[in-house]
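Trainee: mmCIF, C-alpha atoms, file my_file-v7.cif:
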```
data_coords
loop_
_atom_site.label_atom_id
_atom_site.label_comp_id
_atom_site.auth_asym_id
_atom_site.auth_seq_id
_atom_site.Cartn_x
_atom_site.Cartn_y
_atom_site.Cartn_z
CA MET A 4 28.96 -43.74 -67.41
CA SER A 5 26.83 -45.25 -70.18
CA PHE A 6 25.31 -48.56 -71.12
CA LEU A 7 24.87 -49.61 -74.73
CA LEU A 8 21.42 -51.16 -75.01
CA THR A 9 21.99 -53.78 -77.65
CA ARG A 10 19.37 -56.53 -77.83
CA ARG A 11 20.37 -57.43 -81.36
CA ARG A 12 16.83 -56.18 -82.04
CA ALA A 13 17.12 -52.46 -81.14
CA VAL A 14 19.72 -49.98 -80.01
CA GLY A 15 19.26 -47.28 -77.41
CA LEU A 16 21.42 -45.33 -75.02
CA VAL A 17 21.07 -45.35 -71.25
CA SER A 18 22.75 -42.57 -69.31
CA ALA A 19 23.27 -43.62 -65.71
CA LEU A 20 24.12 -41.03 -63.09
CA PRO A 21 24.33 -41.38 -59.29
CA LEU A 22 21.04 -40.21 -57.83
CA GLY A 23 21.28 -37.78 -54.97
CA SER A 24 24.03 -37.08 -52.50
CA PHE A 25 23.94 -39.63 -49.76
CA VAL A 26 26.14 -40.42 -46.82
CA ALA A 27 27.68 -43.87 -46.95
CA PRO A 28 27.71 -44.99 -43.32
CA ALA A 29 30.38 -47.29 -41.93
CA ARG A 30 28.16 -50.28 -42.59
CA ALA A 31 27.81 -49.37 -46.27
CA GLN A 32 31.58 -49.14 -46.62
CA GLN A 33 31.86 -52.75 -45.57
CA ALA A 34 31.10 -55.48 -47.95
CA PRO A 35 27.90 -57.01 -48.45
CA TYR A 36 24.93 -57.17 -46.18
CA LEU A 37 24.49 -60.87 -46.89
CA ASP A 38 27.03 -63.68 -46.75
CA ILE A 39 25.85 -66.10 -49.45
CA ARG A 40 28.52 -68.75 -48.87
CA PRO A 41 27.41 -72.24 -47.78
CA GLY A 42 27.56 -73.20 -44.15
CA GLY A 43 25.89 -71.66 -41.15
CA ALA A 44 22.38 -70.29 -40.96
CA PHE A 45 21.10 -68.78 -44.19
CA LYS A 46 18.21 -66.36 -44.35
CA PRO A 47 17.29 -64.36 -47.46
CA VAL A 48 17.26 -60.57 -47.12
CA PRO A 49 13.69 -59.17 -47.10
CA ILE A 50 13.16 -56.18 -49.38
CA ALA A 51 10.14 -53.99 -50.11
CA VAL A 52 9.82 -52.84 -53.73
CA THR A 53 7.34 -49.99 -53.82
CA ASN A 54 5.45 -48.95 -56.92
CA PHE A 55 7.44 -46.57 -59.11
CA GLN A 56 5.70 -43.20 -59.22
CA GLY A 57 5.01 -41.10 -62.34
CA ASP A 58 3.82 -42.91 -65.44
CA PRO A 59 1.49 -45.67 -64.16
CA GLN A 60 2.08 -48.10 -67.03
CA ASP A 61 5.88 -47.94 -67.18
CA GLY A 62 6.14 -47.51 -63.42
CA GLY A 63 4.05 -50.62 -62.92
CA LEU A 64 6.23 -52.55 -65.38
CA LEU A 65 9.41 -51.51 -63.57
CA THR A 66 7.99 -52.56 -60.22
CA SER A 67 6.75 -55.89 -61.55
CA VAL A 68 9.98 -56.86 -63.32
CA ILE A 69 12.21 -55.94 -60.36
CA THR A 70 9.95 -57.80 -57.92
CA ASN A 71 9.83 -60.92 -60.08
CA ASN A 72 13.61 -60.85 -60.52
CA PHE A 73 14.14 -60.89 -56.76
CA ARG A 74 11.48 -63.56 -56.36
CA ARG A 75 13.75 -65.96 -58.29
CA SER A 76 17.01 -64.74 -56.77
CA VAL A 77 17.03 -67.05 -53.69
CA PHE A 78 19.13 -64.55 -51.71
CA ILE A 79 16.69 -61.60 -51.72
CA THR A 80 13.00 -62.01 -50.85
CA PRO A 81 10.51 -59.32 -51.96
CA LEU A 82 7.71 -58.64 -49.50
CA ASP A 83 4.10 -58.97 -50.67
CA SER A 84 2.89 -55.49 -51.66
CA LYS A 85 -0.51 -56.31 -50.13
CA THR A 86 1.11 -56.06 -46.69
CA PHE A 87 2.37 -52.51 -47.27
CA PHE A 88 0.76 -49.95 -44.92
CA GLU A 89 0.26 -47.34 -47.62
CA LYS A 90 1.55 -46.45 -51.03
CA GLN A 91 4.98 -44.82 -51.10
CA THR A 92 4.01 -41.53 -52.75
CA ASN A 93 7.31 -39.73 -52.15
CA PRO A 94 10.33 -41.74 -53.30
CA ASP A 95 12.64 -39.31 -51.48
CA ALA A 96 11.16 -39.56 -47.97
CA PRO A 97 10.27 -43.07 -46.77
CA ALA A 98 8.49 -43.60 -43.44
CA PHE A 99 11.16 -45.94 -42.04
CA ASP A 100 9.30 -46.84 -38.84
CA GLN A 101 6.45 -48.34 -40.86
CA TRP A 102 8.80 -50.43 -42.97
CA LYS A 103 10.60 -51.67 -39.86
CA MET A 104 7.28 -53.08 -38.62
CA LEU A 105 7.13 -55.24 -41.76
CA SER A 106 10.63 -56.59 -41.03
CA ALA A 107 11.93 -55.14 -44.30
CA GLN A 108 15.70 -54.74 -44.33
CA PHE A 109 15.78 -52.73 -47.56
CA LEU A 110 13.37 -50.49 -49.41
CA VAL A 111 13.28 -49.63 -53.12
CA THR A 112 11.60 -46.39 -54.21
CA GLY A 113 11.55 -44.71 -57.59
CA ARG A 114 9.77 -42.79 -60.29
CA CYS A 115 9.41 -43.00 -64.05
CA THR A 116 8.45 -39.98 -66.19
CA HIS A 117 8.21 -39.16 -69.90
CA GLY A 118 10.17 -36.18 -71.22
CA GLY A 119 9.32 -33.93 -74.12
CA ASP A 120 12.22 -35.38 -76.12
CA GLY A 121 10.60 -38.83 -76.18
CA LYS A 122 13.00 -40.18 -73.58
CA ILE A 123 11.90 -41.90 -70.40
CA LYS A 124 13.57 -40.79 -67.19
CA THR A 125 13.79 -43.50 -64.55
CA GLU A 126 15.28 -43.08 -61.11
CA PHE A 127 15.49 -45.34 -58.10
CA ARG A 128 16.82 -45.32 -54.57
CA LEU A 129 17.81 -48.21 -52.32
CA TRP A 130 17.36 -47.53 -48.60
CA ASP A 131 18.77 -49.35 -45.58
CA ILE A 132 15.78 -49.48 -43.23
CA ALA A 133 17.87 -49.97 -40.08
CA THR A 134 19.99 -46.85 -40.62
CA GLY A 135 17.56 -44.75 -42.65
CA GLN A 136 20.33 -44.15 -45.17
CA GLN A 137 20.22 -44.28 -48.96
CA VAL A 138 22.85 -46.84 -49.95
CA ALA A 139 22.41 -46.78 -53.74
CA GLY A 140 20.67 -44.67 -56.35
CA GLN A 141 20.79 -44.02 -60.09
CA GLN A 142 18.85 -42.20 -62.77
CA TYR A 143 18.54 -43.34 -66.38
CA ALA A 144 17.40 -41.70 -69.63
CA THR A 145 16.25 -44.28 -72.18
CA GLY A 146 14.12 -44.88 -75.20
CA ALA A 147 10.50 -45.92 -74.80
CA GLY A 148 11.19 -49.58 -75.54
CA ASP A 149 13.90 -50.06 -72.92
CA VAL A 150 11.91 -49.99 -69.69
CA ARG A 151 12.29 -53.72 -69.06
CA ARG A 152 16.03 -53.47 -69.71
CA VAL A 153 16.35 -50.67 -67.16
CA ALA A 154 14.44 -52.79 -64.63
CA HIS A 155 17.01 -55.57 -65.08
CA ILE A 156 19.92 -53.12 -64.73
CA ILE A 157 18.41 -51.73 -61.52
CA SER A 158 17.91 -55.28 -60.22
CA ASP A 159 21.58 -56.05 -60.91
CA LEU A 160 22.78 -52.96 -59.08
CA ILE A 161 20.65 -53.76 -56.02
CA PHE A 162 21.70 -57.42 -56.05
CA ASN A 163 25.35 -56.38 -56.13
CA ARG A 164 24.91 -53.85 -53.32
CA ILE A 165 23.26 -56.41 -51.03
CA THR A 166 25.25 -59.56 -51.81
CA GLY A 167 28.56 -58.19 -53.06
CA GLU A 168 28.19 -60.43 -56.13
CA LYS A 169 27.59 -59.39 -59.73
CA GLY A 170 24.00 -59.48 -60.88
CA TRP A 171 22.57 -61.71 -63.58
CA PHE A 172 19.25 -60.15 -64.53
CA ASP A 173 20.46 -58.13 -67.54
CA SER A 174 21.20 -61.23 -69.61
CA ARG A 175 19.63 -63.40 -72.28
CA VAL A 176 19.14 -67.11 -72.90
CA ALA A 177 19.48 -68.94 -76.21
CA PHE A 178 17.71 -72.27 -76.41
CA VAL A 179 16.08 -74.80 -78.69
CA ASN A 180 12.39 -73.97 -79.02
CA GLU A 181 10.47 -77.23 -79.60
CA THR A 182 7.02 -77.27 -81.18
CA GLY A 183 4.72 -79.81 -82.77
CA PRO A 184 3.90 -83.44 -81.93
CA LYS A 185 6.63 -85.45 -80.28
CA GLU A 186 7.07 -87.73 -83.28
CA ARG A 187 7.40 -84.69 -85.61
CA ARG A 188 9.03 -82.18 -83.30
CA VAL A 189 10.34 -78.98 -84.92
CA LYS A 190 13.42 -77.52 -83.20
CA ARG A 191 14.23 -73.87 -83.85
CA LEU A 192 16.98 -71.73 -82.39
CA ALA A 193 15.43 -69.03 -80.18
CA ILE A 194 16.55 -66.27 -77.84
CA MET A 195 14.83 -64.45 -74.95
CA ASP A 196 15.48 -62.41 -71.82
CA GLN A 197 16.49 -64.49 -68.80
CA ASP A 198 12.96 -64.11 -67.38
CA GLY A 199 11.29 -65.40 -70.56
CA ALA A 200 10.29 -62.04 -72.06
CA ASN A 201 11.05 -60.78 -75.58
CA MET A 202 11.45 -64.19 -77.18
CA SER A 203 12.31 -64.35 -80.87
CA GLN A 204 13.16 -67.24 -83.17
CA LEU A 205 16.47 -67.14 -85.02
CA THR A 206 16.01 -70.08 -87.42
CA GLY A 207 13.08 -71.19 -89.50
CA GLY A 208 12.73 -74.79 -88.40
CA ASP A 209 13.77 -76.52 -91.64
CA ASP A 210 16.83 -78.06 -89.98
CA LEU A 211 17.24 -79.66 -86.56
CA ILE A 212 19.17 -77.39 -84.16
CA LEU A 213 21.14 -78.50 -81.07
CA THR A 214 23.53 -77.07 -78.45
CA PRO A 215 23.50 -73.29 -79.04
CA ARG A 216 26.33 -71.44 -77.23
CA PHE A 217 26.90 -67.69 -76.78
CA SER A 218 30.07 -65.86 -77.72
CA PRO A 219 31.74 -63.88 -74.89
CA ASN A 220 30.36 -60.59 -76.27
CA ALA A 221 26.83 -62.07 -76.63
CA GLN A 222 26.73 -61.01 -80.30
CA GLU A 223 27.11 -64.45 -81.88
CA LEU A 224 25.92 -67.99 -81.33
CA THR A 225 27.53 -71.25 -82.34
CA TYR A 226 25.42 -74.39 -82.67
CA MET A 227 25.09 -77.72 -84.44
CA SER A 228 22.61 -78.14 -87.26
CA PHE A 229 21.39 -81.24 -89.07
CA GLY A 230 21.19 -79.80 -92.57
CA ALA A 231 22.06 -81.46 -95.85
CA GLY A 232 24.76 -84.08 -95.37
CA ASP A 233 26.61 -84.55 -92.09
CA PRO A 234 25.63 -82.37 -89.11
CA GLN A 235 27.93 -79.36 -88.93
CA VAL A 236 28.86 -76.53 -86.58
CA TYR A 237 27.53 -73.08 -87.52
CA LEU A 238 28.11 -69.48 -86.47
CA LEU A 239 25.17 -67.06 -86.34
CA ASN A 240 25.26 -63.28 -86.00
CA ILE A 241 22.33 -62.47 -83.70
CA GLU A 242 21.79 -58.97 -85.11
CA THR A 243 21.85 -59.82 -88.81
CA ARG A 244 20.55 -63.40 -88.44
CA GLN A 245 23.21 -64.48 -90.95
CA SER A 246 24.76 -67.91 -90.38
CA GLU A 247 27.75 -69.74 -91.84
CA ILE A 248 29.34 -73.16 -91.54
CA VAL A 249 32.48 -73.04 -89.42
CA GLY A 250 34.42 -75.50 -91.58
CA LYS A 251 34.01 -78.46 -93.90
CA PHE A 252 35.04 -81.66 -92.17
CA PRO A 253 34.92 -85.24 -93.51
CA GLY A 254 32.64 -86.33 -90.65
CA MET A 255 30.13 -84.84 -88.24
CA SER A 256 31.19 -81.80 -86.16
CA PHE A 257 29.29 -81.06 -82.96
CA SER A 258 29.34 -79.71 -79.36
CA PRO A 259 30.92 -76.33 -80.17
CA ARG A 260 31.86 -73.70 -77.59
CA PHE A 261 33.72 -70.38 -77.73
CA SER A 262 37.02 -69.67 -76.02
CA PRO A 263 36.89 -66.93 -73.33
CA ASP A 264 38.41 -64.37 -75.72
CA GLY A 265 36.01 -65.30 -78.52
CA GLN A 266 38.85 -65.98 -80.96
CA ARG A 267 38.53 -69.76 -81.07
CA LEU A 268 35.95 -72.52 -81.12
CA VAL A 269 36.46 -75.89 -79.50
CA MET A 270 34.35 -78.78 -80.81
CA SER A 271 34.14 -82.51 -81.45
CA ILE A 272 34.72 -84.04 -84.89
CA ALA A 273 33.66 -87.60 -85.64
CA GLN A 274 36.24 -89.90 -87.17
CA GLY A 275 34.74 -93.31 -87.82
CA ALA A 276 33.44 -94.74 -84.55
CA ALA A 277 35.49 -92.26 -82.52
CA SER A 278 35.25 -88.53 -82.01
CA ASN A 279 38.06 -86.23 -80.97
CA ILE A 280 38.31 -82.65 -79.79
CA PHE A 281 39.62 -79.91 -82.05
CA SER A 282 40.03 -76.18 -81.64
CA MET A 283 39.69 -73.73 -84.51
CA ASP A 284 41.06 -70.23 -84.88
CA LEU A 285 38.09 -68.20 -86.16
CA ARG A 286 40.32 -65.79 -88.08
CA SER A 287 42.39 -68.31 -90.02
CA ARG A 288 39.80 -71.13 -89.81
CA SER A 289 42.71 -73.43 -89.08
CA PRO A 290 41.81 -76.46 -86.91
CA MET A 291 44.12 -77.99 -84.31
CA ARG A 292 43.64 -81.51 -82.96
CA LEU A 293 43.61 -81.67 -79.15
CA THR A 294 42.82 -85.36 -78.44
CA ASN A 295 43.78 -88.50 -80.31
CA THR A 296 41.91 -91.54 -79.06
CA GLN A 297 39.57 -94.23 -80.32
CA ALA A 298 37.02 -93.10 -77.74
CA ILE A 299 34.22 -90.55 -77.88
CA ASP A 300 35.61 -87.25 -76.58
CA THR A 301 33.01 -84.49 -76.59
CA SER A 302 31.33 -81.55 -74.76
CA PRO A 303 34.51 -79.47 -74.33
CA SER A 304 34.43 -76.29 -72.24
CA TYR A 305 37.22 -73.79 -71.60
CA SER A 306 38.24 -72.56 -68.15
CA PRO A 307 37.61 -68.81 -67.70
CA ASP A 308 41.33 -68.06 -68.13
CA GLY A 309 41.46 -70.13 -71.33
CA ARG A 310 44.27 -72.35 -70.08
CA GLN A 311 42.38 -75.62 -69.64
CA ILE A 312 39.53 -77.58 -71.20
CA VAL A 313 37.11 -79.87 -69.40
CA PHE A 314 35.33 -82.52 -71.48
CA GLU A 315 33.56 -85.86 -71.30
CA SER A 316 35.00 -89.12 -72.62
CA ASP A 317 34.31 -92.85 -72.51
CA ARG A 318 38.03 -93.67 -72.88
CA GLY A 319 37.91 -95.46 -69.51
CA GLY A 320 34.89 -97.57 -70.44
CA THR A 321 32.10 -95.23 -69.22
CA GLN A 322 31.27 -91.56 -69.67
CA GLN A 323 33.42 -89.54 -67.27
CA ILE A 324 34.75 -85.99 -66.97
CA TYR A 325 38.36 -85.19 -67.84
CA ILE A 326 40.51 -82.08 -67.85
CA MET A 327 43.49 -81.17 -70.04
CA SER A 328 45.56 -78.24 -71.19
CA ALA A 329 43.90 -75.98 -73.77
CA GLY A 330 46.67 -77.03 -76.14
CA GLY A 331 45.87 -80.73 -75.72
CA GLY A 332 48.05 -83.45 -74.21
CA ASP A 333 47.51 -85.74 -71.26
CA ALA A 334 44.10 -85.64 -69.61
CA GLN A 335 43.25 -86.16 -65.94
CA ARG A 336 40.01 -87.80 -64.86
CA LEU A 337 37.91 -85.66 -62.49
CA SER A 338 34.72 -87.67 -61.86
CA HIS A 339 34.79 -90.74 -59.65
CA GLY A 340 31.22 -91.31 -58.49
CA GLU A 341 30.65 -95.03 -58.00
CA GLY A 342 28.30 -96.51 -60.58
CA ALA A 343 27.72 -93.10 -62.19
CA ARG A 344 28.17 -91.67 -65.69
CA TYR A 345 29.00 -88.00 -66.19
CA SER A 346 28.41 -85.74 -69.18
CA THR A 347 27.96 -82.13 -70.44
CA PRO A 348 30.61 -80.48 -68.21
CA VAL A 349 30.75 -76.68 -68.32
CA TRP A 350 33.09 -74.39 -66.42
CA SER A 351 31.67 -71.65 -64.20
CA PRO A 352 32.51 -68.09 -65.30
CA LYS A 353 34.00 -67.59 -61.82
CA GLY A 354 36.24 -70.61 -62.30
CA ASP A 355 35.33 -72.17 -58.95
CA TYR A 356 33.04 -74.98 -60.16
CA ILE A 357 32.33 -77.26 -63.09
CA ALA A 358 28.66 -78.12 -63.64
CA PHE A 359 27.69 -81.48 -65.12
CA THR A 360 24.96 -84.03 -65.75
CA ARG A 361 25.22 -87.25 -63.74
CA GLN A 362 23.31 -90.44 -64.54
CA LYS A 363 23.10 -92.95 -61.71
CA ALA A 364 20.58 -95.69 -60.87
CA GLY A 365 18.20 -94.44 -63.56
CA ALA A 366 18.15 -90.83 -62.29
CA PHE A 367 19.64 -87.79 -64.01
CA GLY A 368 21.13 -85.19 -61.69
CA ILE A 369 22.55 -81.72 -62.26
CA GLY A 370 25.58 -81.14 -60.06
CA VAL A 371 28.77 -79.19 -59.53
CA MET A 372 32.31 -80.11 -58.53
CA LYS A 373 35.51 -78.17 -58.00
CA PRO A 374 38.05 -78.10 -60.87
CA ASP A 375 40.16 -80.70 -59.07
CA GLY A 376 37.19 -83.11 -58.92
CA SER A 377 36.51 -82.63 -55.21
CA GLY A 378 33.39 -81.31 -53.51
CA GLU A 379 30.85 -82.99 -55.80
CA ARG A 380 27.35 -81.78 -54.98
CA ILE A 381 24.08 -82.73 -56.72
CA LEU A 382 21.74 -79.74 -56.96
CA THR A 383 18.69 -81.48 -58.38
CA GLU A 384 17.82 -85.00 -59.51
CA GLY A 385 14.98 -86.67 -61.36
CA PHE A 386 13.86 -88.73 -64.34
CA HIS A 387 15.65 -86.62 -66.97
CA ASN A 388 17.67 -83.47 -66.25
CA GLU A 389 20.39 -82.40 -68.65
CA GLY A 390 22.43 -79.61 -70.23
CA PRO A 391 23.55 -77.20 -67.47
CA THR A 392 24.54 -73.64 -68.34
CA TRP A 393 25.85 -70.96 -65.97
CA ALA A 394 24.45 -67.54 -65.13
CA PRO A 395 27.00 -64.79 -65.86
CA ASN A 396 27.79 -64.39 -62.15
CA GLY A 397 28.38 -68.11 -61.55
CA LEU A 398 25.71 -68.37 -58.82
CA TYR A 399 22.97 -70.13 -60.79
CA VAL A 400 22.66 -73.02 -63.19
CA MET A 401 19.95 -73.40 -65.84
CA PHE A 402 19.10 -76.78 -67.38
CA PHE A 403 16.28 -78.62 -69.12
CA ARG A 404 14.06 -81.30 -67.63
CA GLU A 405 11.67 -83.78 -69.17
CA PRO A 406 9.65 -85.52 -66.44
CA GLN A 407 8.60 -89.10 -66.99
CA GLY A 408 5.46 -89.29 -69.10
CA SER A 409 5.59 -85.63 -70.13
CA ALA A 410 5.10 -84.43 -73.69
CA GLY A 411 8.39 -82.53 -73.82
CA PRO A 412 11.19 -80.75 -71.93
CA LYS A 413 11.09 -77.39 -70.14
CA LEU A 414 13.74 -75.08 -68.69
CA PHE A 415 14.54 -74.72 -64.99
CA MET A 416 17.14 -72.93 -62.89
CA CYS A 417 18.58 -73.35 -59.41
CA ASP A 418 21.26 -71.68 -57.34
CA VAL A 419 24.67 -73.27 -56.97
CA PHE A 420 24.00 -74.17 -53.32
CA GLY A 421 20.74 -75.99 -54.08
CA ARG A 422 18.63 -73.64 -51.95
CA GLY A 423 15.96 -72.90 -54.54
CA GLU A 424 14.67 -74.08 -57.91
CA PHE A 425 12.41 -72.24 -60.36
CA PRO A 426 10.85 -72.87 -63.79
CA VAL A 427 12.01 -70.60 -66.62
CA PRO A 428 8.98 -69.58 -68.71
CA THR A 429 8.97 -70.46 -72.41
CA PRO A 430 6.03 -70.44 -74.84
CA SER A 431 6.45 -74.11 -75.73
CA PHE A 432 8.81 -76.98 -74.99
CA ALA A 433 12.47 -76.00 -74.63
CA SER A 434 15.88 -77.63 -74.34
CA ASP A 435 19.64 -76.93 -74.59
CA PRO A 436 19.74 -73.53 -72.83
CA SER A 437 22.76 -71.25 -73.07
CA TRP A 438 23.03 -68.28 -70.71
CA SER A 439 24.63 -65.13 -72.11
CA PRO A 440 27.15 -62.88 -70.38
CA LEU A 441 25.81 -59.66 -68.89
CA LEU A 442 24.72 -57.32 -71.68
CA GLY A 443 25.91 -54.09 -70.12
#
```
Mind turning this structure into C-alpha cells?
Mentor:
Amino acid sequence: MSFLLTRRRAVGLVSALPLGSFVAPARAQQAPYLDIRPGGAFKPVPIAVTNFQGDPQDGGLLTSVITNNFRRSVFITPLDSKTFFEKQTNPDAPAFDQWKMLSAQFLVTGRCTHGGDGKIKTEFRLWDIATGQQVAGQQYATGAGDVRRVAHIISDLIFNRITGEKGWFDSRVAFVNETGPKERRVKRLAIMDQDGANMSQLTGGDDLILTPRFSPNAQELTYMSFGAGDPQVYLLNIETRQSEIVGKFPGMSFSPRFSPDGQRLVMSIAQGAASNIFSMDLRSRSPMRLTNTQAIDTSPSYSPDGRQIVFESDRGGTQQIYIMSAGGGDAQRLSHGEGARYSTPVWSPKGDYIAFTRQKAGAFGIGVMKPDGSGERILTEGFHNEGPTWAPNGLYVMFFREPQGSAGPKLFMCDVFGRGEFPVPTPSFASDPSWSPLLG
C-alpha cells in the first residue's frame, strides 16, 4: 500500500509494508483493547513509547511526536520515559517482565535509519505486554522532510489498533491567525498540523478573514473575506495559494461549508435585514435557495451522507438549531434548552452528534447533541467559547476560547465525552478553527 504525502507544501511517497511475521492471538482478533463508550469505569490504556533507535535526531523526533500525540489522546496514556528501567536497544526483543512491572499494557519500539538513496527508513512494532505478542508493525520509506508525518501515521495506526477507532493525528487545522493590538487586529488565514507544527500563512492580512472550512479532500478552503465592497465567500487552493470569489451576490455572503462530496457549497446570503441559506453547485456556479424567511438563517452544515442540513436561525425569536432536507423545505427545531441560545452547529463526520455553541446565563458552552435533538451534553463552559470543529474520527472537538480580560482568543480541544481538555499551540492569538479530514 502507499500513502501520498501531500502537505500542499511538499510531495513525497511513503511505502508502508507490514513489519515482521507475527502471530495474531485470539485476543488480537477481537476488537479493540479499550471500550471508549461512555458509561462504566473508564481508565486510559498505559503505553510505553521507547526511543527509536538508529539516527538519534530523527529517532528522537519520532519518539517525541508519538508521545505527545498520545498525551493529548485522552484514551491512551504514555508512561514517563524517566521511569523506564533501561533503554530499549533492540526493537525486536523487548524484556516484557520489566515492562509489566511498570504497569504498561503496550510497548512501542522502532528504529529510523538513513539509506544511501537519501530515503529514511522507519519501522515500528506495537507489543502487547500481557501476551508478549507483536500486534502491529509497519516499515516506511520516506523523504527527509517527512519524519513528523510518519510519526503521525504511526500514531494513527496504534490508536486504531488499541481503540478500534480511526486515528486523527495525520490531519491539519486551518484557522484565523490574529496578530497586533486588539484595536488593530490583523486576521490572516493560516494552516498547521493538528499539533501546532508546520504553520504557514495563506493570506497576507490586507483583508479580514473569517470561518475557514476544509474541502473533503483537504485540498481547498472556503472562507469569508471582508474585501472591497460586501463581504464575500471565497475558494482557495491550498497548494497554489490562488483564491477566487465563489459568486457575485447583491448582498453579503458568509458562513460557507462544503458538501460531503465536495461538489457544492452551502452558505448564507443577506437579503435586507434577513439572511437565507443557499447551496451552490461548484461546477455550474448555479445557486439554489434553501430557506425563505425574514429571519437570520446561517451556519449551515451538511450531514455526512449529504441528505440533511443543520443550521441556526432566530425564526422562533431566539437563536436555535434547526434541521432540514438538503434540498430545503420545512425545518424542525432541535434545541430546546430553557433560557439558552444556540449557534454554530456542525455535524460530526460519524453522523452521531451535532456540536454547537450554547449561550446561557452569560456563559458560553461547547456541547453536543444527537441529530434528533436528544442527549444534549455540555463539554466545556466559560466566559467565551465558540466555533466547534470536529476531528476526522468524530471523537474530539476543537474550538476557540477568549477568557474574560484576556488579550485575545486561543484554540483548545476536548474529547466528545468531556474527559479531557487541552490547549492547541499557535504562535499568536487564534480563532475559527477548521479540522481537516485525514490526509492519508
Trainee: So that I can check the surroundings of Ala51 (chain A), please list as a PyMOL selection string every protein, DNA and RNA residue that reaches within 7 Å of it, counting all atoms listed in the file and ignoring chain neighbours fewer than 6 positions away.
Mentor: chain A and resi 81-82+107+109-111
Trainee: Counting only C-alpha atoms, which residue out of A:Thr182, A:Gln197, A:Ser306, A:Ser258 sits closest to Phe415 (chain A)?
Mentor: A:Gln197
Trainee: Could you expand the PyMOL selection byres ((chain A and resi 119-126) around 8) into the explicit residues it covers here, written as number ranges by chain?
Mentor: A: 22, 113-118, 127-128, 140-147
Trainee: For Gly135 (chain A), please output as a tab-separated table (two decimals) with C-alpha atoms, in the frame of the given file all residues within 9 Å (counting all atoms listed in the file; exclusion window: fewer than 5 positions along the same chain).
Mentor:
```
chain	number	residue	atom	x	y	z
A	97	PRO	CA	10.27	-43.07	-46.77
A	99	PHE	CA	11.16	-45.94	-42.04
A	130	TRP	CA	17.36	-47.53	-48.60
```
Trainee: A:Glu405, A:Asp355, A:Gly370, A:Ile161: which is nearest Gly421 (chain A), counting only C-alpha atoms?
Mentor: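 Answer, going by the shortest atom-to-atom distance: A:Gly370.
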Trainee: Find the spatial neighbours of Ala298 (chain A), counting all atoms listed in the file, within a cut-off of 9 Å - ignore same-chain residues fewer than 2 positions away - and output them as a PyMOL selection string.
Mentor: chain A and resi 276-279+295-296+300+316-320
Trainee: How many Å lie between CA of Ser218 (chain A) and CA of Phe261 (chain A), rounded to one decimal?
Mentor: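 Computing the Euclidean distance for CA of Ser218 (chain A) and CA of Phe261 (chain A) yields 5.8 Å.
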Trainee: Could you state the separation of CA of Ile280 (chain A) and CA of Arg292 (chain A) in Å, given to one decimal place?
Mentor: 6.3 Å
Trainee: Restricting the calculation to only C-alpha atoms, which member of A:Asn93, A:Gln311, A:Ser246, A:Gln274 is positioned closest to Ser262 (chain A)?
Mentor: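 Once distances to Ser262 (chain A) are computed over only C-alpha atoms, the minimum belongs to A:Gln311.
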Trainee: Applied to the shown file, which residues does the PyMOL selection byres ((chain A and resi 396) around 10) return, written as a JSON list (two decimals) with C-alpha atoms, in the frame of the given file?
Mentor:
```json
[["chain", "number", "residue", "atom", "x", "y", "z"],
["A", 168, "GLU", "CA", 28.19, -60.43, -56.13],
["A", 169, "LYS", "CA", 27.59, -59.39, -59.73],
["A", 170, "GLY", "CA", 24.00, -59.48, -60.88],
["A", 171, "TRP", "CA", 22.57, -61.71, -63.58],
["A", 172, "PHE", "CA", 19.25, -60.15, -64.53],
["A", 351, "SER", "CA", 31.67, -71.65, -64.20],
["A", 352, "PRO", "CA", 32.51, -68.09, -65.30],
["A", 353, "LYS", "CA", 34.00, -67.59, -61.82],
["A", 393, "TRP", "CA", 25.85, -70.96, -65.97],
["A", 394, "ALA", "CA", 24.45, -67.54, -65.13],
["A", 395, "PRO", "CA", 27.00, -64.79, -65.86],
["A", 397, "GLY", "CA", 28.38, -68.11, -61.55],
["A", 398, "LEU", "CA", 25.71, -68.37, -58.82],
["A", 399, "TYR", "CA", 22.97, -70.13, -60.79],
["A", 440, "PRO", "CA", 27.15, -62.88, -70.38],
["A", 441, "LEU", "CA", 25.81, -59.66, -68.89]]
```
